[in-house]
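Worksheet: the structure to be examined is printed underneath.
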Number of protein chains: 2
Amino acid sequence: MELDDRKLKILQAVIKNYLETGEPVGSRTISKFTDLNLSSATIRNEMADLEELGYIVQPHTSAGRIPTDKGYRLYVDTMMQDKVDEVNNMRDVLIEKADKMENLLQQVAKLLAMNTNYATMVTTPKYRSRKIKFIQLTEVDEYQVLAVIVLEGNIVKNKMFTSAVALQKEETLKLNLALNTFLQGLDIEEINIGLVQKLKSQVGDYANLVTEILDAVAQALNEEGDVRVYTSGATNILKYPELSDMSKAREILTTLENKEELTQFVENNGQPVDKKSIQVYIGDENQVDSMKDCSVVTATYEIEEGIYGKVGIIGPKRMDYEKVVGTLQNMMSQLDDVFKNGNK
Amino acid sequence: MELDDRKLKILQAVIKNYLETGEPVGSRTISKFTDLNLSSATIRNEMADLEELGYIVQPHTSAGRIPTDKGYRLYVDTMMQDKVDEVNNMRDVLIEKADKMENLLQQVAKLLAMNTNYATMVTTPKYRSRKIKFIQLTEVDEYQVLAVIVLEGNIVKNKMFTSAVALQKEETLKLNLALNTFLQGLDIEEINIGLVQKLKSQVGDYANLVTEILDAVAQALNEEGDVRVYTSGATNILKYPELSDMSKAREILTTLENKEELTQFVENNGQPVDKKSIQVYIGDENQVDSMKDCSVVTATYEIEEGIYGKVGIIGPKRMDYEKVVGTLQNMMSQLDDVFKNGNK
DNA sequence: TATTAGCACTCCACTTATATGAGTGCTAAC
DNA sequence: GTTAGCACTCATATAAGTGGAGTGCTAATA
């Protein structure tokens, strides 16, 4: 049996209708809904075929049909029409709030959640291993010293240290110099024990301060490798009856609250990375267990060559894919704009 | 009619039982449950009195009784026994994870949520206006300069600036000096336009850089005045049937997600600040609308004289007050310990 | 006078029966 | 190939009946 044009039209009608209502769709509805001018009986026959082909199912005998994951997949891949997204110029809002990357990404999550009524997530960009640009020590008072660690890409970290011995201006300067001489330009793998030993031998009294500082450096480098995730609108999940029975809802919300599992989406769920495109994971296609009843639409934003993060929208399988994809595309282009032209 | 000893005992029994089961409590249950050796009929008479006094109600005729807010209040104020909290040495976990205040507070929220099975919140401490300790500019490359702003209490903020004109080492040093001369020791109210003008006139070329830096300084000072809120275990709310009908649950979870409303608890809900004590807000006693079906138990932690934040536990009205209060007291003493003895 | 046994009554929660109707599959006619 | 027609299925809604937990009240008891 083949998927001829008429079957496609009927399938599309079923899915569209189901997306709107969330109720199983019957043959009579389709018969009137479309311009095919076919009786409900004919539609019934076609629908039986579509069911046999695996695109739709009946929740029970004598109910209408609802799309299967396979049906949604076909719809998303071939039948969806681009919808122009009316939500423009998020850019202005973005810039206004964005003094730091962190705030910007949070803002992105929030905007998307408000515009779509689904839950959203944004990951921080995944950097490859950073290198140390420079370190600067500043005496804060007699026993305290502030270390400012600047990484490539102008990531700044700072940490306060308390020294056991009273600090001396010239000694601190010497330590500062030594640190930079040894560490500048290195990434985390290049800082080995031999190097640390050599460094320590140069600074005498300050040896344990060096240990602490190196810990902080290592942590700074690691932190930047880690992907963090911001979410917003988690409670939107509860708006959709098919997701809001207690056990499912709790699983989903817990996943969103804990965030760790969401980093999976950065790995592109096993598929090849294809930035600029939008990925749709329908139901069981999701790696994350608690989301097997959801659809997740993700997009990739790129800050600079090879450094990218993910933006995702999480909703029921019958989410408004067209709107979501439209909104995401819009958001991506605005983000691109912000990254390319700087924040001002 | 008076609240005699026997009535008190019966009320206590009703509440205890209801806290455990969540089901209305009948007279027969009490008759057996307590050591009063009274028949159910007598209990019934007493319960009728207790209802008249407003401590308990029937959800419907021919059901058992459940406590009113007034009943819970009496219980919490006078009848609750301290329960020793078996969850010890959170301190170790705290310290291990706590390189920054932010992380520490998040960890506190998480630990409490895990130990109690309720939702939790922790606010950052509310500082009075901070003063500027010093500012340090560092050239990062030809056009970029990093400003590290250190506030009293060793709060460190940093921000990167891009200059329109190429930077010159000696000029930057001069600017650095000027900034510190003018701004050191000032708080946000003391930085006025006259001062800014004077400062600008001293640095010639760098005038607009100064504007940007001052913005950042203002923002840093403000940020520290703001109270942020961390939450954890929000989804625990869904474990309690009386809170988990969709509309209520959504309201509560949304409040927890948005966090703004939670800062109300820092104001001590209108009551006089009494640190070291624990506050219990039952049902309607809560200022926050969405929590009128919950109880909130808060405690105050103090970092240094007059600088304090709140820790709160949010659950159903029939929460295990004894355990919650015990856990909170324990946590507060551990926190005190950490703050007093430093992080190490 | 305080307590209790006993009883009628209420009302929720649960089960069972019944009806409704949306939707189907199949057959036979067009 | 399409359609009208019909018997059939099954989720949902409504009504009716049942059991039981719990009450309030009264009258008897200590």
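Here, A, B, ... name the chains of the structure tokens in the order displayed, residue numbers run from 1 inside each chain, and ligands are numbered from 1 in the same displayed order.
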
inquiry  = Show me, as an MDAnalysis selection string, every residue of chain B with an atom at most 8 Å from chain C, counting only C-alpha atoms (C1' of nucleotides).
reply    = chainID B and resid 39 41:42 60:62

task = Mind listing the helix (DSSP H, G or I) residues of segment 37-193 of chain B, per DSSP on the backbone, as an NGL selection string?
result = :B and (40-52 or 69-79 or 90-97 or 101-116 or 169-183 or 188-190 or 193)

With 9 Å as the limit and counting only C-alpha atoms (C1' of nucleotides), what residues in chain D lie close to chain B? Please list them as a PDB file with N, CA and C atoms (P, O5', C5', C4', C3', O3' and C1' of nucleotides), in the first residue's frame.
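See iface09.pdb below for the written result:
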```
ATOM      1  P    DA D  21     -16.337   1.261  58.735  1.00  0.00           P
ATOM      2  O5'  DA D  21     -15.627   2.655  58.978  1.00  0.00           O
ATOM      3  C5'  DA D  21     -15.385   3.525  57.876  1.00  0.00           C
ATOM      4  C4'  DA D  21     -15.837   4.918  58.250  1.00  0.00           C
ATOM      5  C3'  DA D  21     -15.585   5.283  59.712  1.00  0.00           C
ATOM      6  O3'  DA D  21     -14.904   6.520  59.762  1.00  0.00           O
ATOM      7  C1'  DA D  21     -17.827   5.743  59.127  1.00  0.00           C
ATOM      8  P    DG D  22     -14.330   7.018  61.135  1.00  0.00           P
ATOM      9  O5'  DG D  22     -15.479   7.995  61.608  1.00  0.00           O
ATOM     10  C5'  DG D  22     -15.737   9.166  60.846  1.00  0.00           C
ATOM     11  C4'  DG D  22     -17.002   9.778  61.368  1.00  0.00           C
ATOM     12  C3'  DG D  22     -17.038   9.930  62.893  1.00  0.00           C
ATOM     13  O3'  DG D  22     -16.973  11.290  63.265  1.00  0.00           O
ATOM     14  C1'  DG D  22     -19.113   9.151  62.001  1.00  0.00           C
ATOM     15  P    DT D  23     -17.081  11.715  64.764  1.00  0.00           P
ATOM     16  O5'  DT D  23     -18.455  12.503  64.786  1.00  0.00           O
ATOM     17  C5'  DT D  23     -18.796  13.348  63.697  1.00  0.00           C
ATOM     18  C4'  DT D  23     -20.300  13.564  63.692  1.00  0.00           C
ATOM     19  C3'  DT D  23     -20.836  14.031  65.028  1.00  0.00           C
ATOM     20  O3'  DT D  23     -21.191  15.398  64.968  1.00  0.00           O
ATOM     21  C1'  DT D  23     -22.173  12.236  64.116  1.00  0.00           C
ATOM     22  P    DG D  24     -21.348  16.153  66.309  1.00  0.00           P
ATOM     23  O5'  DG D  24     -22.910  16.026  66.610  1.00  0.00           O
ATOM     24  C5'  DG D  24     -23.852  16.355  65.603  1.00  0.00           C
ATOM     25  C4'  DG D  24     -25.252  16.058  66.127  1.00  0.00           C
ATOM     26  C3'  DG D  24     -25.518  16.590  67.530  1.00  0.00           C
ATOM     27  O3'  DG D  24     -26.835  17.139  67.568  1.00  0.00           O
ATOM     28  C1'  DG D  24     -25.795  14.224  67.509  1.00  0.00           C
TER      29       DG D  24
END
```

Residue neighbourhood Thr231 of chain A, 10 Å, only C-alpha atoms (C1' of nucleotides), exclusion window fewer than 5 positions, as a list in words =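 Listing them by chain and then by number gives Leu105, Gln106, Gln107, Val108, Ala109, Lys110, Ala113, Ala119, Thr120, Met121, Val122, Thr123, Leu256, Glu257, Asn258, Lys259, Leu262, Val311, Gly312 and Ile313 of chain A; Glu257 of chain B.
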
Just-selected residues, N, CA and C atoms written as a PDB file, in the first residue's frame:
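Output contents, as saved in part38.pdb:
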```pdb
ATOM      1  N   LEU A 105      21.120  34.591  28.586  1.00  0.00           N
ATOM      2  CA  LEU A 105      20.553  33.273  28.329  1.00  0.00           C
ATOM      3  C   LEU A 105      19.299  33.033  29.158  1.00  0.00           C
ATOM      4  N   GLN A 106      19.336  33.512  30.382  1.00  0.00           N
ATOM      5  CA  GLN A 106      18.139  33.391  31.205  1.00  0.00           C
ATOM      6  C   GLN A 106      16.979  34.135  30.574  1.00  0.00           C
ATOM      7  N   GLN A 107      17.303  35.286  30.046  1.00  0.00           N
ATOM      8  CA  GLN A 107      16.288  36.099  29.407  1.00  0.00           C
ATOM      9  C   GLN A 107      15.712  35.399  28.177  1.00  0.00           C
ATOM     10  N   VAL A 108      16.577  34.748  27.443  1.00  0.00           N
ATOM     11  CA  VAL A 108      16.129  33.995  26.263  1.00  0.00           C
ATOM     12  C   VAL A 108      15.130  32.932  26.684  1.00  0.00           C
ATOM     13  N   ALA A 109      15.479  32.194  27.725  1.00  0.00           N
ATOM     14  CA  ALA A 109      14.584  31.137  28.192  1.00  0.00           C
ATOM     15  C   ALA A 109      13.228  31.716  28.579  1.00  0.00           C
ATOM     16  N   LYS A 110      13.277  32.827  29.260  1.00  0.00           N
ATOM     17  CA  LYS A 110      12.048  33.433  29.750  1.00  0.00           C
ATOM     18  C   LYS A 110      11.163  33.933  28.607  1.00  0.00           C
ATOM     19  N   ALA A 113       9.557  31.087  26.794  1.00  0.00           N
ATOM     20  CA  ALA A 113       8.488  30.468  27.580  1.00  0.00           C
ATOM     21  C   ALA A 113       7.233  31.329  27.514  1.00  0.00           C
ATOM     22  N   ALA A 119       7.481  24.824  28.257  1.00  0.00           N
ATOM     23  CA  ALA A 119       8.679  24.932  29.080  1.00  0.00           C
ATOM     24  C   ALA A 119       9.881  25.120  28.160  1.00  0.00           C
ATOM     25  N   THR A 120      10.870  25.837  28.651  1.00  0.00           N
ATOM     26  CA  THR A 120      12.028  26.077  27.801  1.00  0.00           C
ATOM     27  C   THR A 120      13.325  25.828  28.558  1.00  0.00           C
ATOM     28  N   MET A 121      14.376  25.584  27.806  1.00  0.00           N
ATOM     29  CA  MET A 121      15.687  25.438  28.416  1.00  0.00           C
ATOM     30  C   MET A 121      16.734  26.084  27.510  1.00  0.00           C
ATOM     31  N   VAL A 122      17.777  26.597  28.126  1.00  0.00           N
ATOM     32  CA  VAL A 122      18.897  27.151  27.369  1.00  0.00           C
ATOM     33  C   VAL A 122      20.167  26.673  28.037  1.00  0.00           C
ATOM     34  N   THR A 123      21.061  26.116  27.291  1.00  0.00           N
ATOM     35  CA  THR A 123      22.327  25.700  27.897  1.00  0.00           C
ATOM     36  C   THR A 123      23.366  26.777  27.659  1.00  0.00           C
ATOM     37  N   LEU A 256      13.340  19.044  34.901  1.00  0.00           N
ATOM     38  CA  LEU A 256      13.593  20.449  34.599  1.00  0.00           C
ATOM     39  C   LEU A 256      14.245  21.159  35.773  1.00  0.00           C
ATOM     40  N   GLU A 257      13.877  20.754  36.981  1.00  0.00           N
ATOM     41  CA  GLU A 257      14.460  21.420  38.147  1.00  0.00           C
ATOM     42  C   GLU A 257      15.921  21.010  38.338  1.00  0.00           C
ATOM     43  N   ASN A 258      16.189  19.738  38.141  1.00  0.00           N
ATOM     44  CA  ASN A 258      17.547  19.258  38.401  1.00  0.00           C
ATOM     45  C   ASN A 258      18.520  19.568  37.278  1.00  0.00           C
ATOM     46  N   LYS A 259      18.019  19.632  36.090  1.00  0.00           N
ATOM     47  CA  LYS A 259      18.774  20.158  34.948  1.00  0.00           C
ATOM     48  C   LYS A 259      19.873  19.260  34.396  1.00  0.00           C
ATOM     49  N   LEU A 262      19.279  17.450  31.244  1.00  0.00           N
ATOM     50  CA  LEU A 262      19.014  18.263  30.064  1.00  0.00           C
ATOM     51  C   LEU A 262      20.268  18.503  29.234  1.00  0.00           C
ATOM     52  N   VAL A 311      19.184  25.722  22.593  1.00  0.00           N
ATOM     53  CA  VAL A 311      17.954  26.289  23.112  1.00  0.00           C
ATOM     54  C   VAL A 311      16.875  25.260  22.857  1.00  0.00           C
ATOM     55  N   GLY A 312      16.070  24.950  23.849  1.00  0.00           N
ATOM     56  CA  GLY A 312      15.081  23.905  23.663  1.00  0.00           C
ATOM     57  C   GLY A 312      13.708  24.292  24.169  1.00  0.00           C
ATOM     58  N   ILE A 313      12.717  23.737  23.520  1.00  0.00           N
ATOM     59  CA  ILE A 313      11.343  23.972  23.954  1.00  0.00           C
ATOM     60  C   ILE A 313      10.690  22.629  24.212  1.00  0.00           C
TER      61      ILE A 313
ATOM     62  N   GLU B 257       8.978  29.213  41.129  1.00  0.00           N
ATOM     63  CA  GLU B 257       9.858  29.388  39.976  1.00  0.00           C
ATOM     64  C   GLU B 257      10.226  30.852  39.795  1.00  0.00           C
TER      65      GLU B 257
END
```

ask   = chain A vs chain B: Cα RMSD after least-squares superposition over all Cα in order?
value =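 Per the least-squares fit, the RMSD is 0.1 Å.
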
request  = Please identify every residue of chain A that has at least one atom no more than 8 Å from any atom of chain B, counting only C-alpha atoms, and report them as a VMD selection string.
outcome  = chain A and resid 154 156 158 160 232 to 235 238 244 246 250 253 to 254 257
